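K.L.:
Let me give you the structure first, and then I'll get to my questions.
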Protein chains: 2
Amino acid sequence: MNDIKWVYAFGRTHTDGDRSLKTLLGGKGANLAEMSAIGLPVPPGFTCTTEACARFLDSGGKWPDGLHAQVRAAMRALEAETGRRFGDPDRPLLVSVRSGAALSMPGMMDTVLNLGINDDVAEGLVAETGDDRFVYDSYRRFIDLFGDVVMGVPHEYFEDVMHALKQERGAASDADLTAEDLRELTDRYKAVYRQHTGFMFPEDPWEQLHFSIEAVFKSWNSGRAIKYRQINKIFGLAGTAVNVQAMVFGNLGAGSATGVCFTRNPSTGEPVLYGEFLVNAQGEDVVAGLRTPEPIARLADLMPESHAELLVLTRRLEQHYRNMQDIEFTIQNGTLYLLQTRSGKRTGPAALRIAVDLVREGTVTEAEAVAKLVEPPHLDQLLHPQLDDSDVAPADVLGTGLPASPGAAVGRVVFHSEDAEKARAKGEPVVLVRVETSPEDVGGMSAAEGILTSRGGMTSHAAVVARGWGKPCVAGCGDIVINYRKRQFTNGDRTIKEGEWISIDGTSGRVIAGKKRLTSPSFDATYHTFMGWVDSHRTLQVRANADTPADALKAREYGATGIGLTRTEHMFFGEERISAIRRMILADSPDERKASLDVLLPFQKADFKGIFRAMEGLPVTIRLLDPPLHEFLPHTDEEIIHVAHDLDVPAKTLRTKVMQLHEFNPMLGHRGCRLGITHPEITDMQARAILESAAELFAEGVDVRPEIMVPLVGLETEFRHQAARVRAVAADVERTVGPLPPYLVGTMIEVPRAALVADRIAQEADFFSFGTNDLTQMTFGYSRDDAGKFLVPYLSGKILPVDPFQVLDTEGVGKLVEMATVAGRSANPDLHVGICGEHGGDPHSIAFCYRTGLDYVSCSPFRVPIARLAAAQAELEYGVREPA
Amino acid sequence: MNDIKWVYAFGRTHTDGDRSLKTLLGGKGANLAEMSAIGLPVPPGFTCTTEACARFLDSGGKWPDGLHAQVRAAMRALEAETGRRFGDPDRPLLVSVRSGAALSMPGMMDTVLNLGINDDVAEGLVAETGDDRFVYDSYRRFIDLFGDVVMGVPHEYFEDVMHALKQERGAASDADLTAEDLRELTDRYKAVYRQHTGFMFPEDPWEQLHFSIEAVFKSWNSGRAIKYRQINKIFGLAGTAVNVQAMVFGNLGAGSATGVCFTRNPSTGEPVLYGEFLVNAQGEDVVAGLRTPEPIARLADLMPESHAELLVLTRRLEQHYRNMQDIEFTIQNGTLYLLQTRSGKRTGPAALRIAVDLVREGTVTEAEAVAKLVEPPHLDQLLHPQLDDSDVAPADVLGTGLPASPGAAVGRVVFHSEDAEKARAKGEPVVLVRVETSPEDVGGMSAAEGILTSRGGMTSHAAVVARGWGKPCVAGCGDIVINYRKRQFTNGDRTIKEGEWISIDGTSGRVIAGKKRLTSPSFDATYHTFMGWVDSHRTLQVRANADTPADALKAREYGATGIGLTRTEHMFFGEERISAIRRMILADSPDERKASLDVLLPFQKADFKGIFRAMEGLPVTIRLLDPPLHEFLPHTDEEIIHVAHDLDVPAKTLRTKVMQLHEFNPMLGHRGCRLGITHPEITDMQARAILESAAELFAEGVDVRPEIMVPLVGLETEFRHQAARVRAVAADVERTVGPLPPYLVGTMIEVPRAALVADRIAQEADFFSFGTNDLTQMTFGYSRDDAGKFLVPYLSGKILPVDPFQVLDTEGVGKLVEMATVAGRSANPDLHVGICGEHGGDPHSIAFCYRTGLDYVSCSPFRVPIARLAAAQAELEYGVREPA
């Protein structure tokens, strides 16, 4: 039994373990061993293994044979390495004791600091440091921690005593207490300890250590820890390790210091140390901000050796961890110690520069840079203007809503769509402020710099449309109350009137009074270098959802290799078009309907030609009409009278039609291919517009690749019906216009049933595109427009881990996607499969699409670079797929 | 080659085949062979095989070697058996020629009758029959048929000639034409034939036969037949057979007759021949109704030998076909021929009596009787009062709507729910007439004898509720226009005022003016005997959906072995209750909400106790609150003011709440367990009402078996949340009231996602009940309230084969049911699985549930006997399942 090694040392002179021993040493212990093993100057110490803990608990609280002796020996080695002695007032050794299981888990004993202190040691430390305030503050903190976490004396009891003393002394804060006060407090803390434990506070450092190690062992079976392991289904772990580590002090005089720094500038990525330090101070002083730290460059002047060592160290850290690091260090009497290192947070521009620099320096490969060094949100920052936070005072913030579409916008407040359009015509920037938006507002939304709504969620109309356009949007800002009549909104007693300037930050959700400075997005050489690497590491295609030639050009600029979704209905809201659509809806016969549709044909052709030209050589998927017809009709009495007048029909006729078309659940109503089947003239007109455009451009030598998408198919008979109409039109176009380029006819898979009978549909269809917005609505049974009322409590109550409209629900909706892909390909091996819901721009969802074998994802143009990165990262994480 | 047998004879003297040769002889040929083989007096003939057809088509239209000779030989044998000669004016043999593939399929050549007739033969027949009118009518018909179906001369050309002749003769109908006219017509038909074919009409009977057989062969490859086979995916059939059969005539004098009869009375089931005949007549005469036929009993007087033979024959038929038969017969000069036999249609009471009699006579087994002799609609007839059609004149019918809930009802017209309730209180029968119904009308619907709506489909609120109660309903009768203000409805210029009597027939959809006689349902000994056999042949349990003690008692009387669904929300519409619910909705805090719920608790307890007592010893599944809260609030301004006054709150408060709760898609909104999670007080109150009732009855010694069902679960976390609330209440009830009987907590599977993650949910749940109404809505993406606009065209256009809300869609929705059952059982082998959507009462859907391994189906009480029968029939068809 004595042969079992219970204790693993780490330090400069000798290290037993490395990061591979995580099960035995716990996560923290293995990391400390790893850092020591590669020669980093970590304060030395040792780890009692998880096996020791298990043995202790199994035996009902007996220290396993040999553990005691090994701890003693390890402490002796620690004394030797540090040149200090445990319990000796002359250069005393203090240690910290921490738990550390193989997986991070709350509920266990946390940390005891400054262990080894007693009255004699305290006086010795005063002699050594000359700082009795620091020493007694450390002492009283140790009693508090030891009493609380080791002996179970509630922290509040110590607090009460502290509070009482402050009152006696008339001290406003802890800092007002003198060294003498802290000595007094130490005594009083000991009294509290005695009163509640029945024992004297242990002056013997070995006793302190013994109890602390035992307390860590026992905390493995605390109620909270057991519960945590149950809930998170953590089984098979033996116990927790115990890490005992020498305390180091940066406040032992002019040769001591403490600081934090990044190995590169986290704001710009520039390859210089970036950080700050304080001489003769401890970590808390840096954090507390009572003294002003010096920039790290000053260390070269004040402690040139330590600075040189730090430079060497950062190089070694980056090479070992293959990433920019954020470190905490302490210099104790000229000796540099590294207390912590971790990958450093950085801005988007910095992330790109660091990634490219680390590749050029030979530290990481291109693949590593793509896989690890830039995260999708980093690119997001680059793609949108951001608020310059230095220009924003807290008092300017009027409220915070949902960060519905990233980027910042500045403009004058308008409340109506027409006003936004008028302002746009005059070149005046405006922010459109609405309670909610509807399809009738798209003109104004398009004209505005940004959109602010007081109601609606991350997937409200405003949010979805804004994200599609890459336009900043703050949605559902309940802090403001809009009064359309008075043309103002209020936030408490603060009123913003139409025409006043506001700034909105769609990245954070803030609504800010006044005209704030913006930083503009930039695509420099670094960006292009990095994105080149990204593209060389991915096979999953990235298309964009774009409804206009301008959007298509933007998508192409952002690297889209096709259009995955063109929604034709957005094209119908133009002034001349909406009248034709309304006449079509009011038509009494198919012939009359056809006459109105003929008016629309040239408009649609012009739209499609523009998009085809913009995407020459790349596929363009166009969806046939999807929304229910009532979306094109007015709803209020006033609007009905107005529109009826325009159309020259009796208001009663229009009102009757509006009532006839009313639906209880429009989401599940008469729309998509259901419309195309009951009103085949619509399908015919749209197919004709697409195919005539294609044939005419083809004749001009333009490489056009149309893909016609039938929406909302749930039955193979529906698809067959619509595909037959399209092919009949195609035959006619070939006869009347001329040869057609190759074209595809496929369908959106957005109704659960379609996924369940995908094999049958695939026999007829050339492609599937998963419409995961609607598929999520129907699979969950959530109306996106109504779900806010329970989604918010669901997310806060952990009923749902994430919003399924933002991150694809792989278990449920994803299972349908997977089933349909497999069944569809088995029936039609040439089937092309993609996704065009909003999930197509979400990195987690893109990884799922990659694993599931999809050919492409399609997202808003502004998400294309992010999707390209996420696709490459998925590929690097999961490996290259078999060709589907 | 000459050895191949192309021709199979059938007849009294010699029959080559039987019904096993369906592939070779086609369905019709195999049947004729079978009937002949068992000694039935079928007019003799022969069948050219499907192989002969295939060979003919493969060779590009050459008769295979030997076919010609075999046809000749078969005709000679036919002459010998009939004692007549083909083409001989003296006792000529006439034949029919018909196609007949292995599967029934339209698009092929149908029938040529009277083949073998020419000018000489016609005169011979006149001499034999003395009926020149009959002979020349037959002749001209033959020319028409031969010209049309064999030679492709359009039937219309012959019609035109007929029409012209009638005009010349001033004849109003065909019957006004004389024999001489028909001779003239025969000549003119021949001229038409010659004009359009370029050939003389073939006088040679052999030539007629040759062309007819060839025409049948060729019709296998007609466009329509090919298309039909493609659409119905019929592959692997060689071709069609050709049946040539001797014509027999019942009009050759006093020793000849023709008739139709059932082997038993199809109206009552009484075991006596039932039918009629005409002496010296042909089949058309019976159908045409120009002469009054004699009852079949008279045949015993007129032709005792034939009558005796018929009696022997019917016995043999029933024994062979194991069912009551409907036959057509002809007596030709004293020889009885059977032209057709098929299972006879019968009424519900007859079906039961015949089934029981056939078992008692030893003709069929009990299992056969259950499997084949009674169909679910037969039971439906027994279970509802029916209109006595003899009391209904066509002029009484005001219109026809959808047959939404079977049975007939008679009452005075009322238009408002309160009026129905008042009438009920006075004992006056009324029919509630509404444009549509809503949950607020349930009181009046319950009070009325029947319900008539002018709008809505088979799954509208009125239809669903009425079927649940077994109350007659005609829905969506667009023939009538309701005017609430004038308290009347109109059908064109006919007006029915409030208080007038009407009758509605929910079985046929008719709306009838006046107070009509009804036949009442009856459950006699025969019914009970038969249902006993049904139950002994089934293991699938049948429960009922019942919301009240009265419904539960009815369900038990109809044989339900439990309640599969109690909808608690219907209980909330009572006057005192609705106020409490509304106060709960308006409450500002959980405590205030709880106070309103406390008011409801005793009501709910009383409801549940009544149901538990009614179902003692059987399980009762109670669903927690399902509909969105806005369903309990008023909607029109007028109602809001009224209700606000009742509740003593400002109308503005109520209006605001109504607006807050408004949903765009309530079907996919804040309801079901989503409500239970955001308003856990509701779940607590309902769980308490259920469990306190159970505990109190348990203490009295009542055997109570509660099953608590959480609606609309899509996430296992939802179920876990709600189940935890229920179990916490249970623990409290055990403490405060006393011991609980065993109870289950399970969920409805009605959201597609639930089916996809059923294994996770099953780990927590005791049972699954498929709510296939909502599951169908979400899987298809169809709102039941709105789908009429496209479902009607979908059904008529064959986009959908059947209404998926009536018959479970096994491919899509059924796949989810199957996946969830398999996954649920794999995670929890004790999982109890049933279905409680309306499909639970549909025979096809019940068969699916049986095959899928469900433990029970649950349907409206009035469907329970039907479901029992359908379950037994499924079991007999598919065999006993492995224990799940």
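By convention here, the chains of the structure tokens are called A, B, ... in the order presented, each chain's residues are numbered starting at 1, and ligands are numbered starting at 1 in the order presented.
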For Val733 in chain B, please output as a list in words all residues within 9 Å (counting only C-alpha atoms; exclusion window: fewer than 5 positions along the same chain).

P.N.:
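After dropping sequence-adjacent residues, the list is Arg688, Leu691, Glu692, Ala695, Ala728, Gly738, Pro739 and Leu740 of chain B.
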
K.L.:
Apply DSSP to the structure's backbone, then extract all residues of range 656-829 of chain A labelled strand (DSSP E or B) and return them as a compact mmCIF listing (two decimals) with all heavy atoms, in the first residue's frame.

P.N.:
# COMPACT_ATOMS: atom_id res chain seq x y z
N ARG A 705 -28.59 29.98 -64.32
CA ARG A 705 -28.85 28.67 -63.71
C ARG A 705 -30.05 28.70 -62.78
O ARG A 705 -29.91 28.69 -61.55
CB ARG A 705 -27.62 28.19 -62.94
CG ARG A 705 -26.37 28.19 -63.82
CD ARG A 705 -25.20 27.55 -63.13
NE ARG A 705 -24.02 27.64 -64.00
CZ ARG A 705 -22.83 27.19 -63.69
NH1 ARG A 705 -22.64 26.59 -62.53
NH2 ARG A 705 -21.82 27.31 -64.54
N PRO A 706 -31.25 28.75 -63.33
CA PRO A 706 -32.45 28.89 -62.49
C PRO A 706 -32.83 27.59 -61.79
O PRO A 706 -32.71 26.51 -62.37
CB PRO A 706 -33.55 29.30 -63.47
CG PRO A 706 -33.03 29.00 -64.82
CD PRO A 706 -31.58 28.67 -64.76
N GLU A 707 -33.28 27.74 -60.57
CA GLU A 707 -33.82 26.61 -59.81
C GLU A 707 -35.17 27.08 -59.25
O GLU A 707 -35.21 28.04 -58.48
CB GLU A 707 -32.89 26.23 -58.66
CG GLU A 707 -31.50 25.87 -59.14
CD GLU A 707 -30.58 25.35 -58.04
OE1 GLU A 707 -30.95 25.46 -56.85
OE2 GLU A 707 -29.51 24.84 -58.37
N ILE A 708 -36.24 26.43 -59.66
CA ILE A 708 -37.57 26.87 -59.26
C ILE A 708 -38.02 26.04 -58.07
O ILE A 708 -37.96 24.81 -58.11
CB ILE A 708 -38.56 26.72 -60.44
CG1 ILE A 708 -38.08 27.62 -61.59
CG2 ILE A 708 -39.98 27.07 -60.00
CD1 ILE A 708 -38.90 27.51 -62.84
N MET A 709 -38.43 26.74 -57.02
CA MET A 709 -38.73 26.06 -55.76
C MET A 709 -40.21 26.18 -55.41
O MET A 709 -40.74 27.28 -55.31
CB MET A 709 -37.88 26.66 -54.65
CG MET A 709 -38.07 26.00 -53.31
SD MET A 709 -36.59 26.07 -52.30
CE MET A 709 -36.55 27.78 -51.86
N VAL A 710 -40.85 25.04 -55.21
CA VAL A 710 -42.28 25.00 -54.86
C VAL A 710 -42.37 24.99 -53.33
O VAL A 710 -41.81 24.11 -52.69
CB VAL A 710 -42.93 23.72 -55.42
CG1 VAL A 710 -44.41 23.69 -55.08
CG2 VAL A 710 -42.71 23.62 -56.93
N LEU A 744 -33.69 23.53 -62.79
CA LEU A 744 -34.14 22.52 -61.83
C LEU A 744 -35.52 22.91 -61.29
O LEU A 744 -35.84 24.09 -61.22
CB LEU A 744 -33.17 22.39 -60.65
CG LEU A 744 -31.71 22.07 -60.97
CD1 LEU A 744 -30.90 21.95 -59.66
CD2 LEU A 744 -31.58 20.78 -61.77
N VAL A 745 -36.29 21.91 -60.90
CA VAL A 745 -37.54 22.15 -60.18
C VAL A 745 -37.47 21.32 -58.90
O VAL A 745 -37.31 20.10 -58.95
CB VAL A 745 -38.79 21.73 -61.00
CG1 VAL A 745 -40.06 22.15 -60.26
CG2 VAL A 745 -38.75 22.35 -62.38
N GLY A 746 -37.55 22.00 -57.79
CA GLY A 746 -37.43 21.31 -56.50
C GLY A 746 -38.40 21.89 -55.51
O GLY A 746 -39.30 22.65 -55.85
N THR A 747 -38.19 21.56 -54.26
CA THR A 747 -39.17 22.00 -53.27
C THR A 747 -38.51 22.36 -51.96
O THR A 747 -37.42 21.92 -51.65
CB THR A 747 -40.22 20.90 -53.02
OG1 THR A 747 -41.18 21.39 -52.08
CG2 THR A 747 -39.59 19.65 -52.42
N MET A 748 -39.23 23.18 -51.21
CA MET A 748 -38.86 23.45 -49.84
C MET A 748 -39.42 22.33 -48.98
O MET A 748 -40.57 21.95 -49.16
CB MET A 748 -39.49 24.77 -49.40
CG MET A 748 -38.46 25.76 -49.02
SD MET A 748 -39.07 27.40 -49.00
CE MET A 748 -38.43 27.92 -47.43
N ILE A 749 -38.60 21.86 -48.06
CA ILE A 749 -39.11 20.89 -47.08
C ILE A 749 -39.30 21.70 -45.81
O ILE A 749 -38.34 22.06 -45.12
CB ILE A 749 -38.11 19.73 -46.87
CG1 ILE A 749 -37.82 19.01 -48.19
CG2 ILE A 749 -38.65 18.76 -45.81
CD1 ILE A 749 -38.92 18.15 -48.73
N PHE A 767 -34.34 19.01 -56.27
CA PHE A 767 -33.62 19.44 -55.06
C PHE A 767 -34.59 19.62 -53.90
O PHE A 767 -35.80 19.79 -54.09
CB PHE A 767 -32.83 20.73 -55.29
CG PHE A 767 -33.68 21.94 -55.60
CD1 PHE A 767 -34.18 22.73 -54.56
CD2 PHE A 767 -33.97 22.30 -56.91
CE1 PHE A 767 -34.97 23.84 -54.85
CE2 PHE A 767 -34.75 23.41 -57.19
CZ PHE A 767 -35.25 24.18 -56.16
N PHE A 768 -34.02 19.55 -52.71
CA PHE A 768 -34.72 19.88 -51.46
C PHE A 768 -34.02 21.09 -50.86
O PHE A 768 -32.79 21.13 -50.84
CB PHE A 768 -34.57 18.77 -50.41
CG PHE A 768 -35.44 17.56 -50.58
CD1 PHE A 768 -35.28 16.48 -49.70
CD2 PHE A 768 -36.40 17.47 -51.57
CE1 PHE A 768 -36.05 15.35 -49.82
CE2 PHE A 768 -37.19 16.34 -51.70
CZ PHE A 768 -37.01 15.28 -50.82
N SER A 769 -34.78 22.01 -50.32
CA SER A 769 -34.18 23.07 -49.51
C SER A 769 -34.99 23.12 -48.22
O SER A 769 -36.20 23.34 -48.25
CB SER A 769 -34.25 24.40 -50.25
OG SER A 769 -33.74 25.41 -49.42
N PHE A 770 -34.33 22.86 -47.11
CA PHE A 770 -35.06 22.83 -45.84
C PHE A 770 -35.40 24.24 -45.40
O PHE A 770 -34.51 25.07 -45.20
CB PHE A 770 -34.24 22.12 -44.76
CG PHE A 770 -34.14 20.65 -45.01
CD1 PHE A 770 -33.01 20.10 -45.59
CD2 PHE A 770 -35.19 19.81 -44.71
CE1 PHE A 770 -32.93 18.75 -45.85
CE2 PHE A 770 -35.13 18.45 -44.96
CZ PHE A 770 -33.99 17.92 -45.54

K.L.:
Give as an NGL selection string every residue of chain B that touches chain A within 6 Å, counting only C-alpha atoms.

P.N.:
:B and (663 or 665 or 668-669 or 717 or 751-753 or 756 or 778-783 or 786 or 799 or 812)

K.L.:
Could you turn the residues from that selection into a file that holds N, CA and C atoms, as a PDB file, in the first residue's frame?

P.N.:
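Output below, filename result-v3.pdb:
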ATOM      1  N   GLU B 663     -53.794  36.189 -30.367  1.00  0.00           N
ATOM      2  CA  GLU B 663     -52.728  35.445 -31.029  1.00  0.00           C
ATOM      3  C   GLU B 663     -52.985  35.381 -32.531  1.00  0.00           C
ATOM      4  N   ASN B 665     -51.787  32.971 -34.478  1.00  0.00           N
ATOM      5  CA  ASN B 665     -52.038  31.564 -34.775  1.00  0.00           C
ATOM      6  C   ASN B 665     -52.307  30.818 -33.464  1.00  0.00           C
ATOM      7  N   LEU B 668     -51.031  27.414 -32.619  1.00  0.00           N
ATOM      8  CA  LEU B 668     -49.613  27.204 -32.323  1.00  0.00           C
ATOM      9  C   LEU B 668     -49.173  28.132 -31.197  1.00  0.00           C
ATOM     10  N   GLY B 669     -50.100  28.501 -30.340  1.00  0.00           N
ATOM     11  CA  GLY B 669     -49.802  29.549 -29.389  1.00  0.00           C
ATOM     12  C   GLY B 669     -49.627  29.083 -27.960  1.00  0.00           C
ATOM     13  N   THR B 717     -38.418  18.295 -20.999  1.00  0.00           N
ATOM     14  CA  THR B 717     -38.374  19.194 -19.844  1.00  0.00           C
ATOM     15  C   THR B 717     -39.770  19.715 -19.491  1.00  0.00           C
ATOM     16  N   VAL B 751     -47.694  17.046 -30.769  1.00  0.00           N
ATOM     17  CA  VAL B 751     -46.776  17.955 -31.431  1.00  0.00           C
ATOM     18  C   VAL B 751     -45.758  17.062 -32.152  1.00  0.00           C
ATOM     19  N   PRO B 752     -45.463  17.322 -33.437  1.00  0.00           N
ATOM     20  CA  PRO B 752     -44.540  16.413 -34.125  1.00  0.00           C
ATOM     21  C   PRO B 752     -43.245  16.174 -33.352  1.00  0.00           C
ATOM     22  N   ARG B 753     -42.717  17.231 -32.730  1.00  0.00           N
ATOM     23  CA  ARG B 753     -41.457  17.045 -32.032  1.00  0.00           C
ATOM     24  C   ARG B 753     -41.549  15.987 -30.940  1.00  0.00           C
ATOM     25  N   LEU B 756     -40.797  12.755 -32.249  1.00  0.00           N
ATOM     26  CA  LEU B 756     -39.397  12.596 -32.634  1.00  0.00           C
ATOM     27  C   LEU B 756     -38.483  12.375 -31.437  1.00  0.00           C
ATOM     28  N   MET B 778     -50.504  19.708 -37.322  1.00  0.00           N
ATOM     29  CA  MET B 778     -49.125  20.207 -37.352  1.00  0.00           C
ATOM     30  C   MET B 778     -48.253  19.435 -38.339  1.00  0.00           C
ATOM     31  N   THR B 779     -48.533  18.168 -38.513  1.00  0.00           N
ATOM     32  CA  THR B 779     -47.712  17.386 -39.441  1.00  0.00           C
ATOM     33  C   THR B 779     -47.976  17.815 -40.878  1.00  0.00           C
ATOM     34  N   PHE B 780     -49.230  18.112 -41.176  1.00  0.00           N
ATOM     35  CA  PHE B 780     -49.567  18.593 -42.512  1.00  0.00           C
ATOM     36  C   PHE B 780     -49.372  20.106 -42.630  1.00  0.00           C
ATOM     37  N   GLY B 781     -49.371  20.785 -41.474  1.00  0.00           N
ATOM     38  CA  GLY B 781     -49.411  22.243 -41.547  1.00  0.00           C
ATOM     39  C   GLY B 781     -50.774  22.737 -41.993  1.00  0.00           C
ATOM     40  N   TYR B 782     -51.840  22.062 -41.564  1.00  0.00           N
ATOM     41  CA  TYR B 782     -53.206  22.464 -41.920  1.00  0.00           C
ATOM     42  C   TYR B 782     -53.912  22.952 -40.673  1.00  0.00           C
ATOM     43  N   SER B 783     -54.457  24.143 -40.710  1.00  0.00           N
ATOM     44  CA  SER B 783     -55.346  24.587 -39.649  1.00  0.00           C
ATOM     45  C   SER B 783     -56.731  24.024 -39.958  1.00  0.00           C
ATOM     46  N   ASP B 786     -59.326  26.397 -41.057  1.00  0.00           N
ATOM     47  CA  ASP B 786     -59.156  27.145 -42.300  1.00  0.00           C
ATOM     48  C   ASP B 786     -59.014  26.248 -43.514  1.00  0.00           C
ATOM     49  N   ILE B 799     -55.527  15.415 -55.106  1.00  0.00           N
ATOM     50  CA  ILE B 799     -54.248  15.744 -54.482  1.00  0.00           C
ATOM     51  C   ILE B 799     -54.181  14.975 -53.163  1.00  0.00           C
ATOM     52  N   GLY B 812     -47.658   9.662 -43.296  1.00  0.00           N
ATOM     53  CA  GLY B 812     -46.985  10.785 -42.662  1.00  0.00           C
ATOM     54  C   GLY B 812     -47.225  10.787 -41.155  1.00  0.00           C
TER      55      GLY B 812
END

K.L.:
Please return as a ChimeraX atom specification: the residues of range 369-398 of chain B that backbone DSSP assigns to alpha helix (DSSP H).

P.N.:
/B:376-383

K.L.:
With C-alpha atoms kept, could you save the residues just selected as a PDB file, in the first residue's frame?

P.N.:
ATOM      1  CA  PRO B 376     -68.888  -0.582 -39.193  1.00  0.00           C
ATOM      2  CA  PRO B 377     -71.521   1.595 -40.930  1.00  0.00           C
ATOM      3  CA  HIS B 378     -74.081  -1.118 -40.203  1.00  0.00           C
ATOM      4  CA  LEU B 379     -73.575  -0.574 -36.507  1.00  0.00           C
ATOM      5  CA  ASP B 380     -73.693   3.174 -37.025  1.00  0.00           C
ATOM      6  CA  GLN B 381     -77.247   2.791 -38.352  1.00  0.00           C
ATOM      7  CA  LEU B 382     -78.234   0.919 -35.232  1.00  0.00           C
ATOM      8  CA  LEU B 383     -76.804   3.509 -32.913  1.00  0.00           C
TER       9      LEU B 383
END

K.L.:
Would you mind reading off the distance between CA of Val359 in chain A and CA of Glu328 in chain A, one decimal, in Å?

P.N.:
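Calculated distance between CA of Val359 in chain A and CA of Glu328 in chain A is 25.4 Å.
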
K.L.:
Which residues come within 10 Å of Thr365 in chain A, counting only C-alpha atoms, excluding same-chain residues fewer than 6 positions away, as a PyMOL selection string?

P.N.:
chain A and resi 322+355-356+358-359+371

K.L.:
Save the residues we just selected, C-alpha atoms, as an mmCIF file, in the first residue's frame?

P.N.:
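Saved to selection_31.cif:
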data_model
loop_
_atom_site.group_PDB
_atom_site.id
_atom_site.type_symbol
_atom_site.label_atom_id
_atom_site.label_comp_id
_atom_site.auth_asym_id
_atom_site.auth_seq_id
_atom_site.Cartn_x
_atom_site.Cartn_y
_atom_site.Cartn_z
ATOM 1 C CA ARG A 322 -0.955 27.783 -30.161
ATOM 2 C CA ALA A 355 -4.550 34.351 -36.819
ATOM 3 C CA VAL A 356 -2.702 35.518 -39.906
ATOM 4 C CA LEU A 358 0.594 33.244 -36.036
ATOM 5 C CA VAL A 359 0.442 31.377 -39.347
ATOM 6 C CA ALA A 371 -10.413 26.028 -36.786
#
